[in-house]
$ cat target.tsv   # TSV, C-alpha atoms
chain	number	residue	atom	x	y	z
V	1	MET	CA	-16.53	5.89	53.22
V	2	GLU	CA	-15.08	8.92	51.49
V	3	GLU	CA	-16.73	12.26	52.33
V	4	LEU	CA	-18.08	12.93	48.84
V	5	ASP	CA	-19.54	9.43	48.59
V	6	LEU	CA	-21.33	9.94	51.88
V	7	LEU	CA	-22.73	13.14	50.41
V	8	LYS	CA	-23.67	11.31	47.21
V	9	LYS	CA	-25.64	8.76	49.20
V	10	ASP	CA	-27.65	11.54	50.82
V	11	TRP	CA	-27.93	13.43	47.52
V	12	LYS	CA	-29.52	10.43	45.84
V	13	LYS	CA	-31.81	9.78	48.78
V	14	ASN	CA	-33.14	13.35	48.65
V	15	GLU	CA	-33.42	13.50	44.89
V	16	ASN	CA	-37.18	13.89	45.00
V	17	ALA	CA	-37.38	15.96	48.13
V	18	PHE	CA	-37.94	19.25	46.34
V	19	PRO	CA	-41.30	20.99	46.20
V	20	LYS	CA	-42.85	20.14	42.84
V	21	ILE	CA	-43.30	23.00	40.37
V	22	THR	CA	-46.47	22.55	38.32
V	23	GLU	CA	-46.76	22.95	34.53
V	24	LYS	CA	-48.87	26.05	35.14
V	25	GLU	CA	-46.09	27.63	37.19
V	26	ILE	CA	-43.53	26.77	34.47
V	27	TYR	CA	-45.76	28.43	31.84
V	28	ALA	CA	-45.86	31.56	33.97
V	29	MET	CA	-42.07	31.55	34.31
V	30	LEU	CA	-41.59	31.45	30.52
V	31	HIS	CA	-43.19	34.86	30.23
V	32	LYS	CA	-41.16	36.49	32.99
V	33	LYS	CA	-38.21	38.72	32.11
V	34	SER	CA	-34.68	37.38	32.28
V	35	SER	CA	-32.15	39.23	34.43
V	36	SER	CA	-29.07	37.53	33.01
V	37	ILE	CA	-25.80	39.44	32.65
V	38	VAL	CA	-25.89	38.87	28.87
V	39	LYS	CA	-29.12	40.83	28.71
V	40	TRP	CA	-27.61	43.67	30.75
V	41	ILE	CA	-24.44	43.71	28.66
V	42	PHE	CA	-26.60	43.93	25.54
V	43	ILE	CA	-28.67	46.85	26.90
V	44	ILE	CA	-25.63	48.77	28.16
V	45	SER	CA	-23.74	48.18	24.89
V	46	ILE	CA	-26.62	49.48	22.79
V	47	LEU	CA	-26.82	52.57	25.03
V	48	GLU	CA	-23.08	53.12	24.66
V	49	ILE	CA	-23.20	52.85	20.88
V	50	LEU	CA	-26.19	55.22	20.77
V	51	PHE	CA	-24.52	57.69	23.13
V	52	TRP	CA	-21.41	58.03	20.97
V	53	SER	CA	-23.38	58.18	17.72
V	54	VAL	CA	-25.58	60.95	19.14
V	55	ILE	CA	-22.52	62.89	20.33
V	56	SER	CA	-20.90	62.83	16.89
V	57	PHE	CA	-24.24	63.82	15.31
V	58	PHE	CA	-24.74	66.85	17.56
V	59	THR	CA	-21.23	68.21	17.16
V	60	ALA	CA	-21.75	68.62	13.41
V	61	ASP	CA	-23.74	71.92	13.60
V	62	GLU	CA	-23.35	74.89	11.27
V	63	ASN	CA	-21.31	77.19	13.55
V	64	TYR	CA	-18.89	74.41	14.24
V	65	LEU	CA	-18.43	73.75	10.51
V	66	LYS	CA	-17.87	77.48	9.83
V	67	THR	CA	-15.18	77.63	12.49
V	68	LEU	CA	-13.50	74.58	10.98
V	69	GLU	CA	-13.49	76.27	7.57
V	70	SER	CA	-11.85	79.40	8.98
V	71	TYR	CA	-9.20	77.10	10.47
V	72	HIS	CA	-8.66	75.48	7.06
V	73	ILE	CA	-9.30	72.01	8.46
V	74	ALA	CA	-12.84	71.35	7.19
V	75	THR	CA	-11.58	68.75	4.67
V	76	LEU	CA	-9.46	67.05	7.28
V	77	ILE	CA	-12.39	66.84	9.70
V	78	SER	CA	-14.62	65.48	6.88
V	79	ILE	CA	-12.07	62.71	6.31
V	80	PHE	CA	-12.12	61.99	10.05
V	81	THR	CA	-15.92	61.87	9.95
V	82	VAL	CA	-15.96	59.36	7.08
V	83	ILE	CA	-13.37	57.16	8.82
V	84	ASN	CA	-15.35	57.51	12.04
V	85	ASN	CA	-18.61	56.38	10.39
V	86	VAL	CA	-16.92	53.35	8.80
V	87	VAL	CA	-15.36	52.41	12.14
V	88	ILE	CA	-18.67	52.83	14.01
V	89	LEU	CA	-20.47	50.58	11.52
V	90	SER	CA	-17.70	47.99	11.74
V	91	PHE	CA	-17.94	48.03	15.53
V	92	ILE	CA	-21.72	47.59	15.43
V	93	PHE	CA	-21.31	44.69	12.99
V	94	LEU	CA	-18.61	43.05	15.14
V	95	PHE	CA	-20.69	43.54	18.26
V	96	TYR	CA	-23.69	41.90	16.58
V	97	ILE	CA	-21.62	38.92	15.34
V	98	ASN	CA	-20.01	38.39	18.76
V	99	PHE	CA	-23.32	38.77	20.57
V	100	LYS	CA	-24.94	36.20	18.28
V	101	ARG	CA	-22.15	33.74	19.11
V	102	ILE	CA	-23.06	33.71	22.81
V	103	ASN	CA	-24.57	30.28	23.18
V	104	THR	CA	-25.78	28.76	26.44
V	105	THR	CA	-25.25	25.24	25.08
V	106	ASP	CA	-21.49	25.84	24.72
V	107	ASN	CA	-19.17	24.54	27.38
V	108	VAL	CA	-18.72	26.84	30.41
V	109	LYS	CA	-15.33	28.17	29.32
V	110	SER	CA	-16.39	28.93	25.72
V	111	LEU	CA	-19.53	30.69	26.91
V	112	MET	CA	-17.48	32.90	29.23
V	113	LYS	CA	-15.01	33.60	26.44
V	114	SER	CA	-17.71	34.69	24.01
V	115	ILE	CA	-19.34	36.98	26.62
V	116	LEU	CA	-15.99	38.58	27.40
V	117	LYS	CA	-15.24	38.98	23.70
V	118	THR	CA	-18.54	40.79	23.12
V	119	ARG	CA	-17.86	43.04	26.06
V	120	LYS	CA	-14.30	43.73	24.83
V	121	THR	CA	-15.64	44.85	21.42
V	122	VAL	CA	-17.67	47.56	23.12
V	123	GLN	CA	-14.75	48.46	25.35
V	124	TYR	CA	-12.51	49.00	22.29
V	125	TYR	CA	-15.28	51.08	20.80
V	126	ILE	CA	-15.23	53.40	23.82
V	127	TRP	CA	-11.43	53.74	23.74
V	128	TYR	CA	-11.57	54.38	20.03
V	129	ASN	CA	-14.08	57.20	20.59
V	130	LEU	CA	-11.97	58.77	23.30
V	131	ALA	CA	-8.89	58.56	21.06
V	132	MET	CA	-10.86	60.13	18.21
V	133	ILE	CA	-12.01	62.97	20.48
V	134	GLY	CA	-8.39	63.47	21.51
V	135	THR	CA	-7.17	63.56	17.90
V	136	ILE	CA	-9.86	66.00	16.79
V	137	PHE	CA	-9.29	68.20	19.84
V	138	ILE	CA	-5.53	68.37	19.20
V	139	THR	CA	-6.09	69.08	15.47
V	140	ILE	CA	-8.45	71.94	16.32
V	141	MET	CA	-6.04	73.29	18.95
V	142	ILE	CA	-3.12	73.34	16.48
V	143	ALA	CA	-5.32	74.95	13.80
V	144	SER	CA	-6.54	77.62	16.23
V	145	PHE	CA	-2.93	78.45	17.18
V	146	MET	CA	-2.24	78.96	13.48
V	147	TYR	CA	-5.40	80.66	12.23
V	148	ASP	CA	-7.46	82.08	15.10
V	149	GLU	CA	-6.96	85.84	15.39
V	150	LYS	CA	-8.11	86.02	19.01
V	151	PHE	CA	-5.57	83.42	19.93
V	152	THR	CA	-2.72	85.16	18.05
V	153	ARG	CA	-3.60	88.42	19.83
V	154	ILE	CA	-3.43	86.78	23.29
V	155	TYR	CA	-0.14	85.23	22.34
V	156	LYS	CA	1.32	88.60	21.26
V	157	VAL	CA	0.05	90.36	24.40
V	158	SER	CA	1.72	87.80	26.62
V	159	GLY	CA	5.10	88.93	25.11
V	160	SER	CA	7.87	86.84	23.64
V	161	ASP	CA	9.72	86.45	26.99
V	162	GLN	CA	6.62	84.76	28.38
V	163	SER	CA	6.20	82.42	25.40
V	164	PHE	CA	7.75	79.41	27.13
V	165	MET	CA	5.35	79.75	30.07
V	166	PHE	CA	2.49	80.28	27.64
V	167	TRP	CA	3.13	76.95	25.90
V	168	VAL	CA	3.67	75.12	29.17
V	169	LEU	CA	0.28	76.37	30.37
V	170	ILE	CA	-1.52	75.45	27.15
V	171	ILE	CA	0.00	71.97	26.79
V	172	GLY	CA	-0.22	71.31	30.54
V	173	SER	CA	-3.92	72.18	30.76
V	174	THR	CA	-4.67	70.07	27.67
V	175	ILE	CA	-2.92	67.06	29.19
V	176	ILE	CA	-4.71	67.56	32.53
V	177	PHE	CA	-8.07	67.90	30.76
V	178	PHE	CA	-7.56	64.62	28.88
V	179	ALA	CA	-6.18	62.81	31.90
V	180	ILE	CA	-9.31	63.76	33.87
V	181	LEU	CA	-11.62	62.80	30.97
V	182	PHE	CA	-9.97	59.39	30.46
V	183	GLY	CA	-9.78	58.85	34.21
V	184	LEU	CA	-13.50	59.51	34.64
V	185	PHE	CA	-14.41	57.09	31.83
V	186	TRP	CA	-12.05	54.47	33.16
V	187	LEU	CA	-13.56	54.78	36.65
V	188	PHE	CA	-17.12	54.70	35.33
V	189	TYR	CA	-16.51	51.53	33.32
V	190	ARG	CA	-14.61	49.85	36.10
V	191	LEU	CA	-17.54	50.44	38.43
V	192	LEU	CA	-20.22	49.48	35.91
V	193	TYR	CA	-18.63	46.37	34.49
V	194	GLY	CA	-16.83	45.55	37.69
V	195	PHE	CA	-20.23	45.19	39.30
V	196	LEU	CA	-21.61	43.18	36.39
V	197	LEU	CA	-18.66	41.00	35.46
V	198	ARG	CA	-16.67	40.51	38.66
V	199	ARG	CA	-18.03	37.01	39.18
V	200	LEU	CA	-17.54	36.03	35.54
V	201	TYR	CA	-13.89	37.15	35.54
V	202	LYS	CA	-13.27	35.28	38.80
V	203	ASN	CA	-14.78	32.05	37.44
V	204	TYR	CA	-12.99	32.41	34.12
V	205	GLU	CA	-9.65	32.83	35.91
V	206	GLU	CA	-10.43	29.79	38.06
V	207	LEU	CA	-11.09	27.68	34.94
V	208	LYS	CA	-7.89	28.90	33.31
V	209	LYS	CA	-5.95	28.10	36.49
V	210	ILE	CA	-7.24	24.50	36.46
V	211	ASP	CA	-5.99	24.05	32.92
V	212	LEU	CA	-2.51	25.56	33.46
T	1	MET	CA	-42.96	30.67	19.38
T	2	ASN	CA	-45.75	28.22	18.76
T	3	SER	CA	-47.76	26.63	21.49
T	4	SER	CA	-46.97	22.99	20.66
T	5	LEU	CA	-43.27	23.80	21.11
T	6	GLU	CA	-44.15	25.50	24.38
T	7	GLN	CA	-46.20	22.53	25.49
T	8	SER	CA	-43.47	20.05	24.63
T	9	PHE	CA	-40.93	22.16	26.54
T	10	VAL	CA	-43.10	22.61	29.62
T	11	SER	CA	-43.96	18.92	29.92
T	12	GLN	CA	-40.31	17.82	29.52
T	13	LEU	CA	-39.15	20.41	32.02
T	14	GLU	CA	-41.86	19.45	34.48
T	15	GLU	CA	-40.74	15.84	34.25
T	16	HIS	CA	-37.05	16.63	34.70
T	17	GLN	CA	-37.32	19.63	37.04
T	18	ASN	CA	-35.21	17.94	39.70
T	19	ILE	CA	-32.07	18.66	37.66
T	20	ILE	CA	-32.71	22.37	38.07
T	21	HIS	CA	-33.68	22.05	41.72
T	22	LYS	CA	-30.44	20.23	42.43
T	23	ILE	CA	-28.33	22.92	40.75
T	24	CYS	CA	-30.24	25.60	42.65
T	25	ARG	CA	-29.59	23.70	45.85
T	26	LEU	CA	-25.82	23.97	45.37
T	27	TYR	CA	-25.72	27.51	44.04
T	28	THR	CA	-28.17	29.24	46.36
T	29	SER	CA	-28.55	29.36	50.10
T	30	ASP	CA	-32.13	30.39	50.72
T	31	GLU	CA	-35.56	29.69	49.30
T	32	ASP	CA	-36.02	33.02	47.52
T	33	SER	CA	-32.72	32.73	45.66
T	34	HIS	CA	-33.55	29.11	44.85
T	35	LYS	CA	-36.81	30.21	43.21
T	36	ASP	CA	-35.09	33.10	41.49
T	37	LEU	CA	-32.36	30.92	39.96
T	38	PHE	CA	-34.93	28.24	39.05
T	39	GLN	CA	-36.83	30.88	37.09
T	40	GLU	CA	-33.74	32.23	35.31
T	41	ILE	CA	-32.67	28.70	34.31
T	42	THR	CA	-36.19	28.02	33.00
T	43	ILE	CA	-36.06	31.20	30.90
T	44	GLN	CA	-32.60	30.34	29.52
T	45	LEU	CA	-33.68	26.77	28.73
T	46	TRP	CA	-36.74	28.07	26.94
T	47	LYS	CA	-34.64	30.55	24.94
T	48	ALA	CA	-32.26	27.77	23.89
T	49	PHE	CA	-35.02	25.21	23.28
T	50	PRO	CA	-35.50	25.95	19.53
T	51	GLN	CA	-31.87	24.81	19.02
T	52	PHE	CA	-32.50	21.57	20.89
T	53	ARG	CA	-32.62	19.00	18.15
T	54	GLY	CA	-33.41	15.97	20.23
T	55	GLU	CA	-30.10	14.33	19.24
T	56	ALA	CA	-28.91	14.57	22.81
T	57	LYS	CA	-31.14	13.60	25.70
T	58	PHE	CA	-33.23	16.45	27.12
T	59	THR	CA	-31.51	15.97	30.47
T	60	THR	CA	-27.95	16.14	29.04
T	61	TRP	CA	-28.85	19.33	27.19
T	62	ALA	CA	-30.63	20.81	30.21
T	63	TYR	CA	-27.66	20.09	32.53
T	64	ARG	CA	-25.41	22.22	30.38
T	65	VAL	CA	-27.71	25.21	29.97
T	66	ALA	CA	-28.66	25.11	33.66
T	67	LEU	CA	-25.03	24.97	34.82
T	68	ASN	CA	-24.06	27.77	32.45
T	69	THR	CA	-26.87	29.89	33.85
T	70	ALA	CA	-25.91	29.22	37.46
T	71	ILE	CA	-22.20	29.85	36.92
T	72	THR	CA	-22.14	32.58	34.30
T	73	LEU	CA	-25.43	34.24	33.45
T	74	TYR	CA	-27.24	34.52	36.76
T	75	ARG	CA	-26.89	37.76	38.65
T	76	LYS	CA	-26.98	37.04	42.34
T	77	LYS	CA	-29.11	39.37	44.35
T	78	THR	CA	-27.40	40.58	47.47
T	79	LYS	CA	-29.24	39.44	50.53
T	80	THR	CA	-28.44	37.81	53.82
T	81	VAL	CA	-28.21	34.05	53.58
T	82	ASN	CA	-29.16	31.37	55.97
T	83	THR	CA	-27.56	28.20	54.69
T	84	ILE	CA	-28.12	26.00	57.67
T	85	GLU	CA	-31.82	26.77	57.90
T	86	PHE	CA	-32.30	25.91	54.22
T	87	ASP	CA	-30.38	22.66	54.40
T	88	ASN	CA	-32.25	21.60	57.51
T	89	LYS	CA	-35.47	22.15	55.66
T	90	ILE	CA	-34.45	19.68	52.95
T	91	HIS	CA	-33.21	17.25	55.55
T	92	ARG	CA	-36.61	17.03	57.17
T	93	PHE	CA	-37.60	14.74	54.30
T	94	ASN	CA	-35.07	12.18	55.36
T	95	HIS	CA	-35.82	10.65	58.71
T	96	GLU	CA	-36.37	6.89	58.26
T	97	ASP	CA	-32.89	5.56	58.91
T	98	TYR	CA	-31.65	8.34	61.14
T	99	ASN	CA	-28.02	8.14	62.15
T	100	PHE	CA	-27.12	11.16	64.25
T	101	GLU	CA	-23.37	11.11	63.62
T	102	GLU	CA	-23.72	10.56	59.89
T	103	GLU	CA	-26.43	13.18	59.66
T	104	GLU	CA	-24.21	15.74	61.39
T	105	GLN	CA	-21.38	14.93	59.01
T	106	ILE	CA	-23.67	15.33	56.00
T	107	LYS	CA	-24.84	18.71	57.27
T	108	LEU	CA	-21.23	19.77	57.67
T	109	LEU	CA	-20.47	18.53	54.16
T	110	TYR	CA	-23.30	20.54	52.61
T	111	LYS	CA	-22.04	23.59	54.46
T	112	ALA	CA	-18.53	22.92	53.18
T	113	VAL	CA	-19.75	22.51	49.58
T	114	HIS	CA	-21.53	25.87	49.83
T	115	GLN	CA	-18.19	27.45	50.70
T	116	LEU	CA	-16.56	26.19	47.49
T	117	ASN	CA	-16.26	28.50	44.50
T	118	ASP	CA	-18.67	28.28	41.53
T	119	ILE	CA	-16.39	26.07	39.40
T	120	GLU	CA	-15.66	23.68	42.26
T	121	LYS	CA	-19.40	23.43	42.93
T	122	ALA	CA	-19.94	22.46	39.27
T	123	LEU	CA	-17.39	19.66	39.59
T	124	VAL	CA	-18.98	18.43	42.82
T	125	PHE	CA	-22.44	18.61	41.26
T	126	MET	CA	-21.44	16.48	38.27
T	127	TYR	CA	-19.65	14.02	40.55
T	128	LEU	CA	-22.78	13.68	42.68
T	129	GLU	CA	-24.77	13.15	39.49
T	130	ASP	CA	-22.47	10.24	38.49
T	131	LYS	CA	-21.10	12.01	35.42
T	132	ASP	CA	-17.83	10.57	34.15
T	133	TYR	CA	-14.70	12.70	33.84
T	134	THR	CA	-15.02	12.91	30.04
T	135	GLU	CA	-18.38	14.62	30.42
T	136	ILE	CA	-17.27	16.78	33.35
T	137	ALA	CA	-14.23	17.99	31.37
T	138	GLU	CA	-16.29	18.58	28.25
T	139	THR	CA	-18.99	20.53	30.09
T	140	LEU	CA	-16.48	22.84	31.75
T	141	GLY	CA	-14.16	23.15	28.74
T	142	ILE	CA	-11.07	21.81	30.52
T	143	SER	CA	-8.92	18.71	29.99
T	144	GLU	CA	-9.96	15.39	31.53
T	145	VAL	CA	-6.67	15.00	33.42
T	146	ASN	CA	-7.04	18.44	34.97
T	147	ALA	CA	-10.67	17.72	35.88
T	148	ARG	CA	-9.48	14.64	37.82
T	149	VAL	CA	-6.67	16.57	39.53
T	150	LYS	CA	-9.06	19.35	40.55
T	151	MET	CA	-11.63	16.83	41.82
T	152	ASN	CA	-9.00	15.18	44.03
T	153	ARG	CA	-8.06	18.58	45.44
T	154	ILE	CA	-11.70	19.31	46.22
T	155	LYS	CA	-12.03	15.95	47.99
T	156	GLY	CA	-8.98	16.84	50.07
T	157	LYS	CA	-10.41	20.25	50.86
T	158	LEU	CA	-13.73	18.77	52.01
T	159	LYS	CA	-11.96	16.13	54.12
T	160	LYS	CA	-10.07	18.90	55.91
T	161	ILE	CA	-13.22	20.90	56.60
T	162	VAL	CA	-15.13	17.90	57.95
T	163	ASN	CA	-12.22	16.43	59.94
T	164	PRO	CA	-10.17	19.45	61.01

$ encode --input "target.tsv" --output "structure tokens"
Amino acid sequence: MEELDLLKKDWKKNENAFPKITEKEIYAMLHKKSSSIVKWIFIISILEILFWSVISFFTADENYLKTLESYHIATLISIFTVINNVVILSFIFLFYINFKRINTTDNVKSLMKSILKTRKTVQYYIWYNLAMIGTIFITIMIASFMYDEKFTRIYKVSGSDQSFMFWVLIIGSTIIFFAILFGLFWLFYRLLYGFLLRRLYKNYEELKKIDL
Amino acid sequence: MNSSLEQSFVSQLEEHQNIIHKICRLYTSDEDSHKDLFQEITIQLWKAFPQFRGEAKFTTWAYRVALNTAITLYRKKTKTVNTIEFDNKIHRFNHEDYNFEEEEQIKLLYKAVHQLNDIEKALVFMYLEDKDYTEIAETLGISEVNARVKMNRIKGKLKKIVNP
């Protein structure tokens, strides 16, 4: 007899060997909280969306706006803000649509795909926010080089023979700052979602491998 | 959700609870995890129940949600496992026609199945449940031919573990 058929024989024989769960116990289970990864992805995603919305809300204070005006980029930043709000709303809408499509009665592969798609939407949202921060930061830097008196004074003091070094330092420190910022986010998300989704990725790859 | 829906769900689940127990048996290795997964599957079934139209059999529908929960949704808690102890416990129910050699081989087979990955376990589970390849392929979202090929590989793998 083949191994699996031997196992099947035993499987059938022990079909009713499990301790019986009563209706009362099932009722109690219905009111317990789920700990599924979909629930966690939903909670984390909402927190992420809130976090970035709060950040953009708090940066719009009066002093900040005055500085922008003195740099002559207030209109430009307003355009960025409008674009940003449209993009945030689109992301929230997409996230909602994708989340709604997660269906436990789908086949295993489709379910995994829809979970990963939902997660990817939020991931793109994070990268978008980092890119937006980068763009705004660079715009403000360029404007401050052009219009900030303090900055022009420092530049003059450093002398024209030092100007090459001056620019190397400024551009170099900006690149390092962004590399560290992106690196930290990348690490944080790898740890967070790595912990949550490692098994899902592994199983999804396994299914894809079967169908190659 | 209304109570008659709840009542209908609970009585159907109570009647067919063995499906869930059997999935838990393959995907967990100790009693606590078994209970934990059983509970998560129950919650997921209950959440999906309003969409259950009764066109498919309750069992066919439950198989799919339960497998999806075990493979994809359930977050395993890290704890030390004691596979052999758990399997022995189930085997205590089965003593009438005791055949020592066969019993040892079955124990070894259960141990081998526990070492398979989550997808392979799903294939084995559906095979043990007499599902045909059309249903196995459809449940996993792969082609029927590839489901057969994979099943044959798993059989080979198990043969090697049991007869090294």

$ interface_residues --input "target.tsv" --of "chain T" --to "chain V" --cutoff "7 Å" --atoms "all atoms listed in the file" --output "count of residues only"
34

$ closest_residue --input "target.tsv" --among "T:Glu104, T:Leu158, T:Pro50, T:Glu144" --to "T:Ser4" --atoms "all atoms listed in the file"
T:Pro50

$ atom_distance --input "target.tsv" --atom1 "atom CA of T:Leu26" --atom2 "atom CA of T:Glu129"
12.4 Å

$ atom_distance --input "target.tsv" --atom1 "atom CA of V:Leu68" --atom2 "atom CA of V:Asp148"
10.5 Å

$ atom_distance --input "target.tsv" --atom1 "atom CA of T:Phe58" --atom2 "atom CA of T:Ile71"
19.9 Å

$ residues_around --input "target.tsv" --residues "T:Val162" --least-positions-apart "5" --cutoff "8 Å" --atoms "only C-alpha atoms" --output "NGL selection string"
:T and (105 or 108-109 or 112)

$ closest_residue --input "target.tsv" --among "V:Gln123, V:Val168, V:Lys150, V:Met132" --to "V:Ile44" --atoms "all atoms listed in the file"
V:Gln123

$ closest_residue --input "target.tsv" --among "T:His114, T:Lys121, T:Lys76, T:Lys160" --to "V:Arg198" --atoms "only C-alpha atoms"
T:Lys76

$ closest_residue --input "target.tsv" --among "V:Phe42, V:Leu181, V:Phe51, V:Ile133" --to "V:Asn98" --atoms "all atoms listed in the file"
V:Phe42

$ decode --input "target.tsv" --residues "stretch 141-155 of chain T" --atoms "C-alpha atoms" --output "PDB file, in the first residue's frame"
ATOM      1  CA  GLY T 141      -5.638  28.526  -7.560  1.00  0.00           C
ATOM      2  CA  ILE T 142      -3.224  26.385  -9.584  1.00  0.00           C
ATOM      3  CA  SER T 143      -3.675  24.231 -12.698  1.00  0.00           C
ATOM      4  CA  GLU T 144      -4.927  20.657 -12.368  1.00  0.00           C
ATOM      5  CA  VAL T 145      -1.880  19.197 -14.144  1.00  0.00           C
ATOM      6  CA  ASN T 146       0.473  21.011 -11.783  1.00  0.00           C
ATOM      7  CA  ALA T 147      -1.561  19.888  -8.768  1.00  0.00           C
ATOM      8  CA  ARG T 148      -1.058  16.260  -9.890  1.00  0.00           C
ATOM      9  CA  VAL T 149       2.667  16.770 -10.505  1.00  0.00           C
ATOM     10  CA  LYS T 150       3.118  18.375  -7.083  1.00  0.00           C
ATOM     11  CA  MET T 151       1.118  15.598  -5.387  1.00  0.00           C
ATOM     12  CA  ASN T 152       3.353  12.949  -6.963  1.00  0.00           C
ATOM     13  CA  ARG T 153       6.420  14.810  -5.718  1.00  0.00           C
ATOM     14  CA  ILE T 154       4.979  14.923  -2.205  1.00  0.00           C
ATOM     15  CA  LYS T 155       4.287  11.179  -2.333  1.00  0.00           C
TER      16      LYS T 155
END
